[in-house]
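Structure below is entry-v5.cif: mmCIF, C-alpha atoms.
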```cif
data_query
#
loop_
_atom_site.label_atom_id
_atom_site.label_comp_id
_atom_site.auth_asym_id
_atom_site.auth_seq_id
_atom_site.Cartn_x
_atom_site.Cartn_y
_atom_site.Cartn_z
CA MET A 2 61.66 -37.71 64.01
CA ASN A 3 62.88 -40.75 65.79
CA ASN A 4 64.93 -43.09 63.60
CA GLY A 5 64.60 -45.80 66.14
CA LYS A 6 67.09 -48.47 66.94
CA MET A 7 68.35 -51.79 65.67
CA ILE A 8 66.47 -54.66 67.25
CA THR A 9 66.80 -58.42 66.90
CA LEU A 10 63.67 -60.48 66.39
CA THR A 11 63.65 -64.28 66.60
CA VAL A 12 61.25 -65.37 63.88
CA ASN A 13 60.60 -69.03 63.15
CA GLY A 14 63.83 -69.95 64.89
CA ARG A 15 66.06 -67.45 63.06
CA SER A 16 67.46 -64.17 64.38
CA GLU A 17 66.78 -61.18 62.16
CA ASP A 18 67.94 -57.59 62.67
CA ILE A 19 65.87 -54.58 61.70
CA GLN A 20 66.11 -50.82 62.32
CA VAL A 21 62.70 -49.62 63.54
CA PRO A 22 61.26 -46.57 65.29
CA ALA A 23 59.39 -47.04 68.58
CA HIS A 24 56.01 -46.78 66.92
CA ARG A 25 56.57 -49.61 64.41
CA THR A 26 54.27 -52.55 65.10
CA LEU A 27 55.41 -56.16 65.06
CA LEU A 28 53.16 -56.62 62.00
CA GLU A 29 54.98 -53.88 60.08
CA ALA A 30 58.41 -55.12 61.14
CA LEU A 31 57.62 -58.71 60.13
CA ARG A 32 56.30 -57.66 56.73
CA ASP A 33 59.33 -55.38 56.21
CA LEU A 34 61.48 -58.44 56.91
CA GLY A 35 59.62 -60.32 54.17
CA HIS A 36 57.23 -62.32 56.34
CA ILE A 37 54.27 -61.39 54.17
CA GLU A 38 52.40 -64.50 55.29
CA VAL A 39 51.44 -62.29 58.25
CA LYS A 40 48.49 -60.38 56.83
CA ARG A 41 47.57 -56.74 57.37
CA GLY A 42 43.82 -56.63 57.91
CA CYS A 43 41.88 -54.25 60.13
CA GLU A 44 44.88 -53.06 62.19
CA LYS A 45 42.71 -52.72 65.28
CA GLY A 46 42.49 -56.19 66.72
CA ASP A 47 39.17 -57.21 65.19
CA CYS A 48 40.08 -59.55 62.32
CA GLY A 49 42.99 -61.70 63.52
CA ALA A 50 44.65 -61.85 60.06
CA CYS A 51 47.93 -60.65 61.60
CA ALA A 52 48.02 -63.26 64.38
CA VAL A 53 51.40 -64.71 65.28
CA LEU A 54 52.58 -66.80 68.21
CA VAL A 55 54.68 -64.97 70.77
CA ASP A 56 56.20 -67.55 73.11
CA ASP A 57 53.47 -69.96 71.88
CA ILE A 58 50.59 -67.58 72.72
CA ALA A 59 48.57 -66.15 69.80
CA ILE A 60 48.50 -62.35 69.70
CA ASP A 61 47.58 -59.70 67.14
CA SER A 62 50.87 -58.41 65.73
CA CYS A 63 49.13 -55.15 64.69
CA LEU A 64 48.58 -54.35 68.39
CA THR A 65 52.12 -55.17 69.48
CA LEU A 66 55.09 -52.81 69.26
CA ALA A 67 58.17 -54.37 67.64
CA TRP A 68 60.52 -53.06 70.34
CA THR A 69 58.70 -55.13 72.96
CA CYS A 70 59.43 -58.38 71.08
CA GLU A 71 63.21 -58.65 71.32
CA ASP A 72 63.39 -61.37 73.93
CA VAL A 73 60.57 -63.58 72.73
CA LYS A 74 60.09 -66.40 70.23
CA ILE A 75 57.92 -65.34 67.29
CA THR A 76 56.24 -67.97 65.11
CA THR A 77 54.34 -67.18 61.93
CA VAL A 78 52.26 -69.65 59.94
CA SER A 79 55.33 -70.34 57.77
CA GLY A 80 57.24 -71.45 60.83
CA LEU A 81 54.72 -74.20 61.49
CA GLY A 82 55.30 -76.12 58.27
CA ASN A 83 55.60 -75.81 54.53
CA ALA A 84 54.23 -77.43 51.37
CA GLU A 85 56.61 -80.38 51.63
CA ASN A 86 56.21 -80.85 55.35
CA PRO A 87 52.93 -79.27 56.45
CA HIS A 88 51.68 -78.93 60.01
CA PRO A 89 48.62 -81.15 60.65
CA LEU A 90 46.47 -77.99 60.84
CA GLN A 91 47.76 -76.82 57.46
CA SER A 92 46.98 -80.26 55.96
CA ALA A 93 43.54 -80.29 57.52
CA PHE A 94 42.70 -76.81 56.17
CA VAL A 95 43.61 -77.98 52.66
CA ASP A 96 42.02 -81.43 52.87
CA LEU A 97 38.73 -80.22 54.34
CA GLY A 98 38.36 -77.16 52.13
CA ALA A 99 38.67 -74.68 54.99
CA VAL A 100 40.33 -72.18 52.66
CA GLN A 101 38.74 -70.01 50.01
CA CYS A 102 40.52 -66.71 49.35
CA GLY A 103 43.11 -67.62 51.97
CA PHE A 104 43.57 -64.20 53.53
CA CYS A 105 42.36 -65.26 56.98
CA SER A 106 44.05 -68.68 56.91
CA PRO A 107 47.45 -67.71 58.40
CA GLY A 108 45.75 -66.07 61.39
CA MET A 109 43.19 -68.86 61.74
CA ILE A 110 45.89 -71.52 61.80
CA VAL A 111 48.05 -69.58 64.24
CA ALA A 112 45.06 -69.06 66.58
CA ALA A 113 44.20 -72.77 66.28
CA VAL A 114 47.78 -73.74 67.19
CA GLY A 115 47.48 -71.48 70.23
CA LEU A 116 44.35 -73.43 71.19
CA LEU A 117 45.86 -76.89 70.66
CA ASN A 118 48.97 -75.91 72.67
CA GLU A 119 46.66 -75.39 75.61
CA LYS A 120 43.88 -77.91 74.89
CA PRO A 121 44.89 -80.85 72.67
CA ASP A 122 41.32 -82.22 72.74
CA PRO A 123 39.10 -79.14 72.30
CA THR A 124 35.31 -79.13 72.30
CA GLU A 125 33.32 -77.27 69.64
CA ASP A 126 32.87 -74.42 72.15
CA ASP A 127 36.63 -74.31 72.85
CA ILE A 128 37.27 -73.98 69.11
CA ARG A 129 34.68 -71.24 68.68
CA LEU A 130 36.12 -69.32 71.64
CA ALA A 131 39.69 -69.69 70.38
CA LEU A 132 38.79 -68.50 66.87
CA SER A 133 36.47 -65.71 68.06
CA GLY A 134 39.09 -63.10 67.14
CA ASN A 135 39.48 -64.30 63.54
CA LEU A 136 37.15 -63.15 60.81
CA CYS A 137 36.58 -65.12 57.59
CA ARG A 138 34.49 -63.40 54.93
CA CYS A 139 34.39 -66.25 52.36
CA THR A 140 33.62 -69.70 53.62
CA GLY A 141 31.80 -69.22 56.84
CA TYR A 142 33.31 -71.07 59.73
CA THR A 143 31.94 -74.61 59.52
CA LYS A 144 34.77 -76.10 57.51
CA ILE A 145 37.34 -74.21 59.54
CA PHE A 146 35.97 -75.67 62.79
CA ASP A 147 35.90 -79.12 61.13
CA ALA A 148 39.54 -78.74 60.09
CA VAL A 149 40.62 -77.82 63.63
CA LYS A 150 38.74 -80.83 65.03
CA HIS A 151 40.31 -83.09 62.43
CA ALA A 152 43.82 -81.77 63.08
CA ALA A 153 43.35 -82.28 66.82
CA LEU A 154 42.46 -85.94 66.18
CA VAL A 155 45.41 -86.44 63.83
CA MET A 156 47.79 -84.82 66.27
CA SER A 157 46.63 -86.79 69.28
CA ALA A 158 46.83 -90.03 67.24
CA GLU A 159 50.38 -89.14 66.24
CA GLY A 160 51.23 -87.99 69.75
CA ALA A 161 52.60 -84.91 68.08
CA LYS A 162 53.22 -81.65 69.85
CA PRO A 163 51.40 -78.72 68.18
CA MET B 12 51.01 -44.78 61.44
CA PHE B 13 51.28 -43.46 64.94
CA CYS B 14 52.51 -40.17 66.28
CA ASP B 15 56.15 -40.21 67.32
CA PHE B 16 56.72 -41.14 70.93
CA ASP B 17 59.41 -42.32 73.32
CA LEU B 18 58.94 -45.91 74.42
CA HIS B 19 60.01 -46.98 77.90
CA MET B 20 60.04 -50.67 78.79
CA PRO B 21 60.75 -50.86 82.54
CA ASP B 22 61.30 -54.22 84.25
CA ARG B 23 60.20 -53.10 87.70
CA LEU B 24 57.26 -51.16 89.09
CA ASP B 25 59.57 -48.58 90.71
CA ASP B 26 61.18 -47.85 87.36
CA ALA B 27 57.78 -47.54 85.69
CA LEU B 28 56.62 -45.06 88.33
CA SER B 29 59.80 -43.02 88.06
CA VAL B 30 59.13 -42.30 84.37
CA LEU B 31 55.38 -41.84 84.82
CA THR B 32 55.65 -38.24 85.94
CA ASP B 33 55.08 -36.34 82.74
CA GLU B 34 51.60 -35.13 81.74
CA LYS B 35 52.12 -36.52 78.24
CA GLY B 36 53.28 -39.96 79.34
CA MET B 37 50.85 -42.86 79.15
CA PRO B 38 51.11 -46.31 80.66
CA MET B 39 50.42 -49.20 78.26
CA ALA B 40 49.46 -52.65 79.48
CA GLY B 41 48.18 -54.96 76.72
CA GLY B 42 47.99 -52.07 74.26
CA THR B 43 44.83 -53.44 72.65
CA ASN B 44 42.98 -50.18 73.31
CA LEU B 45 45.75 -47.60 73.50
CA LEU B 46 47.39 -48.53 70.19
CA VAL B 47 44.05 -48.42 68.40
CA ASP B 48 43.38 -44.96 69.86
CA MET B 49 46.88 -43.82 68.93
CA ARG B 50 46.46 -45.01 65.36
CA SER B 51 43.27 -42.96 65.04
CA ARG B 52 45.02 -40.03 66.77
CA LYS B 53 42.56 -39.97 69.63
CA GLU B 54 45.61 -40.35 71.85
CA THR B 55 48.94 -38.67 71.10
CA PRO B 56 51.24 -39.41 74.04
CA ALA B 57 54.79 -38.02 74.00
CA SER B 58 55.94 -41.12 75.82
CA VAL B 59 54.54 -44.59 76.34
CA ILE B 60 55.50 -46.74 79.30
CA ALA B 61 55.04 -50.37 78.28
CA LEU B 62 54.34 -52.47 81.36
CA GLY B 63 54.77 -55.88 79.72
CA ASN B 64 58.03 -56.65 81.52
CA VAL B 65 56.77 -55.71 84.98
CA GLY B 66 56.13 -59.28 86.13
CA GLU B 67 55.19 -58.31 89.68
CA LEU B 68 51.90 -56.85 88.40
CA ARG B 69 50.61 -60.17 87.01
CA GLY B 70 48.92 -62.94 88.99
CA ILE B 71 45.80 -64.10 90.81
CA HIS B 72 45.94 -64.71 94.55
CA PHE B 73 43.39 -66.01 97.01
CA ASN B 74 43.26 -66.05 100.78
CA ASP B 75 40.45 -66.83 103.19
CA GLU B 76 38.96 -63.39 102.86
CA ARG B 77 39.93 -61.85 99.56
CA THR B 78 40.71 -62.40 95.93
CA THR B 79 43.52 -60.16 94.66
CA ILE B 80 44.70 -59.85 91.10
CA GLY B 81 47.58 -57.90 89.68
CA SER B 82 46.58 -55.22 87.21
CA ARG B 83 48.60 -56.83 84.39
CA THR B 84 46.71 -60.12 84.69
CA THR B 85 45.36 -60.85 81.22
CA VAL B 86 41.78 -61.70 80.34
CA SER B 87 43.00 -65.16 79.30
CA ASP B 88 44.63 -65.59 82.73
CA LEU B 89 41.15 -65.11 84.24
CA LEU B 90 39.76 -67.89 82.04
CA GLN B 91 42.55 -70.28 83.03
CA SER B 92 42.00 -69.87 86.77
CA THR B 93 39.90 -72.72 88.18
CA GLU B 94 39.41 -71.02 91.55
CA LEU B 95 38.07 -67.80 90.09
CA VAL B 96 35.07 -69.63 88.62
CA SER B 97 33.76 -70.33 92.10
CA SER B 98 34.86 -67.13 93.85
CA SER B 99 33.93 -64.62 91.15
CA PRO B 100 31.77 -66.25 88.46
CA SER B 101 30.62 -63.00 86.84
CA LEU B 102 34.20 -62.01 86.07
CA VAL B 103 34.92 -65.32 84.33
CA GLU B 104 31.65 -65.07 82.37
CA ALA B 105 32.65 -61.62 81.17
CA ALA B 106 36.17 -62.78 80.26
CA ALA B 107 34.69 -65.49 78.02
CA VAL B 108 32.80 -62.94 75.89
CA PHE B 109 35.54 -60.30 75.94
CA ALA B 110 36.74 -59.35 72.41
CA GLY B 111 38.53 -62.18 70.56
CA GLN B 112 41.18 -64.69 71.55
CA MET B 113 44.29 -62.72 70.57
CA VAL B 114 42.99 -59.61 72.34
CA ARG B 115 42.14 -61.69 75.44
CA ASN B 116 45.72 -63.01 75.41
CA ALA B 117 47.11 -59.46 75.58
CA ALA B 118 44.44 -57.26 77.21
CA THR B 119 44.66 -56.80 80.97
CA VAL B 120 42.23 -56.25 83.81
CA GLY B 121 43.91 -53.01 84.86
CA GLY B 122 43.88 -51.76 81.28
CA ASN B 123 40.19 -52.46 80.90
CA ILE B 124 39.49 -50.44 84.04
CA ALA B 125 41.90 -47.61 83.21
CA CYS B 126 40.63 -47.09 79.65
CA ALA B 127 37.31 -46.19 81.29
CA SER B 128 35.14 -47.22 78.37
CA PRO B 129 31.45 -47.27 79.30
CA ALA B 130 31.33 -50.67 77.55
CA ALA B 131 34.33 -52.18 79.41
CA ASP B 132 33.24 -55.78 79.96
CA LEU B 133 35.20 -56.53 83.13
CA VAL B 134 33.96 -53.48 85.02
CA PRO B 135 30.31 -54.50 85.70
CA PRO B 136 31.46 -57.80 87.27
CA LEU B 137 34.11 -56.05 89.36
CA LEU B 138 31.54 -53.47 90.54
CA SER B 139 29.14 -56.29 91.42
CA LEU B 140 31.93 -57.78 93.56
CA ASP B 141 32.66 -54.47 95.37
CA ALA B 142 36.21 -54.42 93.98
CA GLU B 143 38.80 -51.98 95.27
CA LEU B 144 41.75 -50.63 93.32
CA MET B 145 45.22 -49.95 94.59
CA LEU B 146 46.70 -46.85 92.97
CA VAL B 147 50.43 -46.42 93.38
CA SER B 148 52.70 -43.48 92.54
CA ALA B 149 56.35 -42.76 93.28
CA SER B 150 55.21 -40.86 96.36
CA GLY B 151 52.78 -43.36 97.87
CA SER B 152 49.72 -45.52 97.43
CA ARG B 153 46.00 -45.41 98.10
CA THR B 154 43.09 -47.82 97.90
CA VAL B 155 39.83 -46.65 96.35
CA PRO B 156 36.55 -48.42 95.70
CA LEU B 157 36.04 -49.06 91.98
CA ALA B 158 32.57 -47.56 92.52
CA ASP B 159 34.25 -44.17 93.17
CA TYR B 160 36.81 -44.42 90.35
CA TYR B 161 34.87 -43.01 87.42
CA GLN B 162 33.92 -39.35 87.21
CA GLY B 163 32.44 -39.06 83.74
CA TYR B 164 32.95 -40.24 80.18
CA LYS B 165 36.52 -41.61 80.09
CA ARG B 166 37.31 -39.56 83.18
CA ASN B 167 38.59 -41.10 86.38
CA ILE B 168 40.41 -40.20 89.57
CA ARG B 169 43.76 -41.75 88.62
CA GLY B 170 46.52 -39.14 88.85
CA LYS B 171 48.86 -38.89 85.87
CA ASP B 172 51.67 -40.25 88.03
CA GLU B 173 49.63 -43.19 89.34
CA LEU B 174 49.25 -46.77 88.17
CA ILE B 175 46.55 -49.25 89.07
CA THR B 176 48.60 -52.09 90.55
CA GLN B 177 46.02 -54.38 92.16
CA ILE B 178 42.34 -55.11 92.14
CA SER B 179 40.87 -56.98 95.08
CA TRP B 180 37.51 -57.95 96.51
CA ALA B 181 36.09 -59.80 99.47
CA ARG B 182 34.76 -63.33 99.17
CA LEU B 183 31.04 -63.37 98.48
CA PRO B 184 28.86 -63.93 101.54
CA GLU B 185 27.16 -67.32 102.03
CA ASN B 186 24.05 -67.89 99.91
CA SER B 187 25.11 -65.53 97.17
CA VAL B 188 24.83 -65.68 93.41
CA ASN B 189 26.97 -63.52 91.16
CA MET B 190 26.42 -63.43 87.40
CA PHE B 191 27.01 -61.44 84.23
CA TYR B 192 25.29 -61.19 80.88
CA LYS B 193 26.47 -59.34 77.79
CA LEU B 194 24.06 -58.45 75.04
CA ALA B 195 25.92 -58.02 71.76
CA ARG B 196 25.58 -59.01 68.12
CA ARG B 197 27.76 -62.08 68.62
CA LYS B 198 29.41 -63.91 71.49
CA GLY B 199 32.89 -62.97 70.34
CA ASP B 200 34.58 -59.91 68.90
CA ALA B 201 31.62 -57.60 69.51
CA ILE B 202 31.17 -54.38 71.46
CA THR B 203 28.61 -54.59 74.24
CA ILE B 204 25.14 -53.15 73.68
CA VAL B 205 24.20 -53.69 77.32
CA GLY B 206 26.18 -55.52 80.02
CA VAL B 207 24.67 -56.40 83.38
CA ALA B 208 26.32 -57.92 86.44
CA VAL B 209 24.36 -58.86 89.53
CA THR B 210 25.18 -60.08 93.02
CA LEU B 211 22.29 -61.27 95.16
CA SER B 212 22.68 -62.60 98.71
CA ILE B 213 19.62 -64.05 100.40
CA SER B 214 19.05 -65.66 103.79
CA ASN B 215 15.71 -66.67 105.28
CA GLY B 216 13.99 -65.22 102.23
CA ILE B 217 15.40 -61.75 102.87
CA CYS B 218 17.81 -59.98 100.54
CA ARG B 219 20.96 -59.27 102.57
CA LYS B 220 22.94 -57.72 99.78
CA ALA B 221 22.24 -56.61 96.22
CA ARG B 222 24.65 -55.25 93.64
CA ILE B 223 23.51 -54.29 90.15
CA ALA B 224 26.09 -52.93 87.72
CA LEU B 225 25.25 -51.69 84.23
CA GLY B 226 27.60 -51.37 81.27
CA ALA B 227 27.22 -49.37 78.04
CA VAL B 228 24.15 -47.46 79.24
CA ALA B 229 25.75 -44.36 80.78
CA PRO B 230 28.93 -42.26 80.35
CA TYR B 231 30.67 -44.87 82.55
CA VAL B 232 29.80 -48.24 84.02
CA LEU B 233 27.50 -47.50 86.92
CA ARG B 234 25.75 -49.17 89.81
CA ALA B 235 21.96 -48.96 90.02
CA ARG B 236 22.15 -47.90 93.66
CA GLU B 237 18.47 -47.04 94.10
CA SER B 238 17.51 -50.40 92.68
CA GLU B 239 19.94 -52.10 95.09
CA ARG B 240 18.41 -50.16 98.01
CA ARG B 241 14.94 -51.34 97.04
CA LEU B 242 16.07 -54.95 97.42
CA GLU B 243 18.28 -54.91 100.50
CA GLY B 244 16.53 -55.86 103.74
CA GLN B 245 13.34 -56.83 101.94
CA VAL B 246 11.53 -60.14 101.60
CA ILE B 247 12.26 -61.31 98.06
CA SER B 248 9.27 -61.72 95.77
CA GLU B 249 8.70 -61.72 92.03
CA GLU B 250 7.06 -58.28 92.36
CA LEU B 251 10.04 -56.86 94.24
CA LEU B 252 12.47 -58.12 91.60
CA CYS B 253 10.29 -56.61 88.88
CA ALA B 254 10.22 -53.27 90.68
CA ALA B 255 14.01 -53.37 91.08
CA ALA B 256 14.44 -54.08 87.36
CA SER B 257 12.20 -51.13 86.44
CA GLN B 258 14.11 -48.92 88.85
CA ALA B 259 17.45 -49.95 87.26
CA ALA B 260 16.09 -48.95 83.85
CA ARG B 261 15.20 -45.52 85.28
CA GLU B 262 18.71 -45.10 86.72
CA CYS B 263 20.64 -45.63 83.50
CA CYS B 264 21.09 -42.90 80.89
CA PRO B 265 21.89 -44.59 77.57
CA ILE B 266 22.52 -42.90 74.24
CA ASP B 267 21.64 -43.74 70.64
CA ASP B 268 24.62 -45.02 68.70
CA VAL B 269 25.46 -47.36 65.80
CA ARG B 270 24.82 -50.43 67.96
CA ALA B 271 21.44 -49.61 69.46
CA SER B 272 19.02 -46.87 70.39
CA ALA B 273 18.70 -45.44 73.88
CA THR B 274 15.10 -46.68 74.07
CA TYR B 275 16.13 -50.22 73.23
CA ARG B 276 19.01 -50.18 75.71
CA ARG B 277 16.73 -48.99 78.52
CA HIS B 278 14.27 -51.76 77.66
CA VAL B 279 17.10 -54.30 77.71
CA VAL B 280 18.34 -53.10 81.11
CA LYS B 281 14.90 -53.79 82.58
CA ALA B 282 14.69 -57.20 80.91
CA LEU B 283 18.22 -58.32 81.80
CA VAL B 284 18.24 -57.05 85.38
CA GLY B 285 14.88 -58.76 85.91
CA ARG B 286 16.15 -61.99 84.35
CA LEU B 287 19.44 -62.09 86.25
CA LEU B 288 17.74 -61.32 89.57
CA SER B 289 15.15 -64.06 88.96
CA GLN B 290 17.78 -66.59 87.98
CA SER B 291 19.82 -65.71 91.06
CA TRP B 292 16.79 -66.07 93.32
CA ASN B 293 15.89 -69.42 91.73
CA ARG B 294 19.37 -70.73 92.39
CA LEU B 295 19.20 -69.74 96.04
CA VAL B 296 15.85 -71.30 96.96
#
```
Final structure tokens representation of the file:
Amino acid sequence: MNNGKMITLTVNGRSEDIQVPAHRTLLEALRDLGHIEVKRGCEKGDCGACAVLVDDIAIDSCLTLAWTCEDVKITTVSGLGNAENPHPLQSAFVDLGAVQCGFCSPGMIVAAVGLLNEKPDPTEDDIRLALSGNLCRCTGYTKIFDAVKHAALVMSAEGAKP
Amino acid sequence: MFCDFDLHMPDRLDDALSVLTDEKGMPMAGGTNLLVDMRSRKETPASVIALGNVGELRGIHFNDERTTIGSRTTVSDLLQSTELVSSSPSLVEAAAVFAGQMVRNAATVGGNIACASPAADLVPPLLSLDAELMLVSASGSRTVPLADYYQGYKRNIRGKDELITQISWARLPENSVNMFYKLARRKGDAITIVGVAVTLSISNGICRKARIALGAVAPYVLRARESERRLEGQVISEELLCAAASQAARECCPIDDVRASATYRRHVVKALVGRLLSQSWNRLV
């Protein structure tokens, strides 16, 4: 059995060391490090609950090996903002009721940030395409799409970077 | 939990090829297929060669004659290319209905070809464009038509020591239409029930070139060659297109599975091939 090696991950701007075998996914490593805001869902790339930003691109952390992430910048939903100082997308999800059980929300918000990084003024189709890898089993998607649209407006009015 | 394996992360193609010698070694591009198969123990490689750091394999290049893409080009890269929309529209259409966003950001063109799924969404468009693959090993390289690559269900001619490094195809002739349609439960995050890509070139009312590629209706993505032969050199008419669509349905060999029955798939092949050929013809007249 392979005990792996010590790797350094840069998560939400902080360096963190963890001993992991080659087969450990980024999802498992992040959760072992306490980043339980990254959710374990289907573990096969269907649900998007485990989405994180790797160098500002949204990926499924369940389909990424931790060893391959040493030289990249990892951002989880907690790195975007917090209760005192939320990201415009986090505020919009709360204000527009785009959250019910909340399990999909971290991945939804991460995928939406990935979209707004690339397209600050997305169309409805852009939003649907960008969130096509995220499943929500409670609310349906209408309020989620509304929240992304709203956040895009707020952010462009503020001139904020995603 | 996966099986135990050695993980190599080469920075250069040469280094990747030098470790890709072992029967039990597997190359990994985006990993969106391989890791799923490893988790379910369908694949148990002794070593995995992660290609993510091999930058030379990623990129889209155009010249007067050909479009060439590196095998590690991601599906999202295809959607961000403005030139690809005009040179290879079917490929961009397929990229837009390929899995979900996070998978598109990681999954690669070479990986989609190499996994050899009969439902691989990028393969019908690439077949409709007469794509060729460059296969490279430590001892040399060869170029093979994608149409000759598959040998059976998840079987292909790639040697264990070879990597797909490039995919390229010639510019479409004048007066051509190239399109793709995927039938699935939803637009996103759904496995294809039937995928059809078509290229139709017409001048003076005569079909100069026809390509019809069918996904998820045979052990591998296949061309409906007899249907193509019926069209080429003929004066295009509604009846001819109908006959070609019926012929394509006879050439596929679908199975029943959780997504659809064989009978339904065969019906859909006829309907979609007929529809795509008609739409192509309408655009050209």
Legend entry - Between CA of Arg166 in chain B and CA of Pro129 in chain B - distance in Å to one decimal: 10.4 Å
Legend entry - Reference answer for the PyMOL selection byres ((chain B and resi 189-200) around 8), as number ranges by chain: A: 47, 130, 133-134; B: 99-102, 104-105, 108-111, 132, 135-136, 139-140, 187-188, 201-211, 283, 287, 291
Inset, instruction - Go ahead and find all residues with at least one atom no further than 12 Å from (65.9, -52.4, 80.2) in the file's coordinates, using only C-alpha atoms; report them as a ChimeraX atom specification. - result: /A:68-69,71-72 /B:18-23,26-27,60-65
Inset, instruction - Would you kindly translate the PyMOL selection byres ((chain B and resi 171) around 7) into the concrete residues it picks from this file, as an NGL selection string? - result: :B and (32 or 34 or 169-170 or 172-173)
Inset, instruction - Carefully work through the PyMOL selection byres ((chain B and resi 261) around 12) for this structure and note down the residues it includes, as a PyMOL selection string. - result: chain B and resi 225+228-229+235-238+254-260+262-265+273-274+276-281+284
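Summary of the local environment: counting only C-alpha atoms, residues at most 12 Å from Leu34 in chain A, other than itself and those fewer than 2 positions away along its chain, are Thr9, Leu10, Thr11, Val12, Arg15, Ser16, Glu17, Asp18, Ile19, Gln20, Val21, Leu27, Leu28, Glu29, Ala30, Leu31, Arg32, His36, Ile37, Glu38, Val39 and Ala67 of chain A.
Every residue of chain A that lies within 7 Å of chain B is listed here, counting all atoms listed in the file: Met2, Asn3, Ala23, His24, Lys45, Gly46, Asp47, Ala59, Ile60, Asp61, Leu64, Leu130, Ala131, Leu132, Ser133 and Gly134 of chain A.
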Put those residues in a file: C-alpha atoms, as a short mmCIF file (atom, residue, chain, number, x, y, z; two decimals), keeping the file's coordinate frame.
```cif
data_model
loop_
_atom_site.label_atom_id
_atom_site.label_comp_id
_atom_site.auth_asym_id
_atom_site.auth_seq_id
_atom_site.Cartn_x
_atom_site.Cartn_y
_atom_site.Cartn_z
CA MET A 2 61.66 -37.71 64.01
CA ASN A 3 62.88 -40.75 65.79
CA ALA A 23 59.39 -47.04 68.58
CA HIS A 24 56.01 -46.78 66.92
CA LYS A 45 42.71 -52.72 65.28
CA GLY A 46 42.49 -56.19 66.72
CA ASP A 47 39.17 -57.21 65.19
CA ALA A 59 48.57 -66.15 69.80
CA ILE A 60 48.50 -62.35 69.70
CA ASP A 61 47.58 -59.70 67.14
CA LEU A 64 48.58 -54.35 68.39
CA LEU A 130 36.12 -69.32 71.64
CA ALA A 131 39.69 -69.69 70.38
CA LEU A 132 38.79 -68.50 66.87
CA SER A 133 36.47 -65.71 68.06
CA GLY A 134 39.09 -63.10 67.14
#
```
Generate N, CA and C atoms for range 200-211 of chain B and emit them as a CSV table (one decimal), in the coordinates of the input.
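Once everything was written out, this is selection-v2.csv:
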```csv
chain,number,residue,atom,x,y,z
B,200,ASP,N,34.2,-61.0,69.8
B,200,ASP,CA,34.6,-59.9,68.9
B,200,ASP,C,33.5,-58.9,68.7
B,201,ALA,N,32.7,-58.6,69.7
B,201,ALA,CA,31.6,-57.6,69.5
B,201,ALA,C,31.6,-56.6,70.7
B,202,ILE,N,31.3,-55.4,70.4
B,202,ILE,CA,31.2,-54.4,71.5
B,202,ILE,C,29.8,-54.5,72.1
B,203,THR,N,29.8,-54.4,73.4
B,203,THR,CA,28.6,-54.6,74.2
B,203,THR,C,27.5,-53.6,73.9
B,204,ILE,N,26.3,-54.0,73.8
B,204,ILE,CA,25.1,-53.2,73.7
B,204,ILE,C,24.6,-52.8,75.1
B,205,VAL,N,24.5,-53.9,75.9
B,205,VAL,CA,24.2,-53.7,77.3
B,205,VAL,C,24.9,-54.8,78.1
B,206,GLY,N,25.6,-54.5,79.2
B,206,GLY,CA,26.2,-55.5,80.0
B,206,GLY,C,25.6,-55.4,81.4
B,207,VAL,N,25.2,-56.5,82.0
B,207,VAL,CA,24.7,-56.4,83.4
B,207,VAL,C,25.4,-57.4,84.3
B,208,ALA,N,25.8,-57.0,85.4
B,208,ALA,CA,26.3,-57.9,86.4
B,208,ALA,C,25.5,-57.8,87.7
B,209,VAL,N,25.2,-58.9,88.4
B,209,VAL,CA,24.4,-58.9,89.5
B,209,VAL,C,25.0,-59.7,90.6
B,210,THR,N,24.9,-59.2,91.9
B,210,THR,CA,25.2,-60.1,93.0
B,210,THR,C,23.9,-60.0,93.9
B,211,LEU,N,23.5,-61.2,94.3
B,211,LEU,CA,22.3,-61.3,95.2
B,211,LEU,C,22.6,-62.2,96.3
```
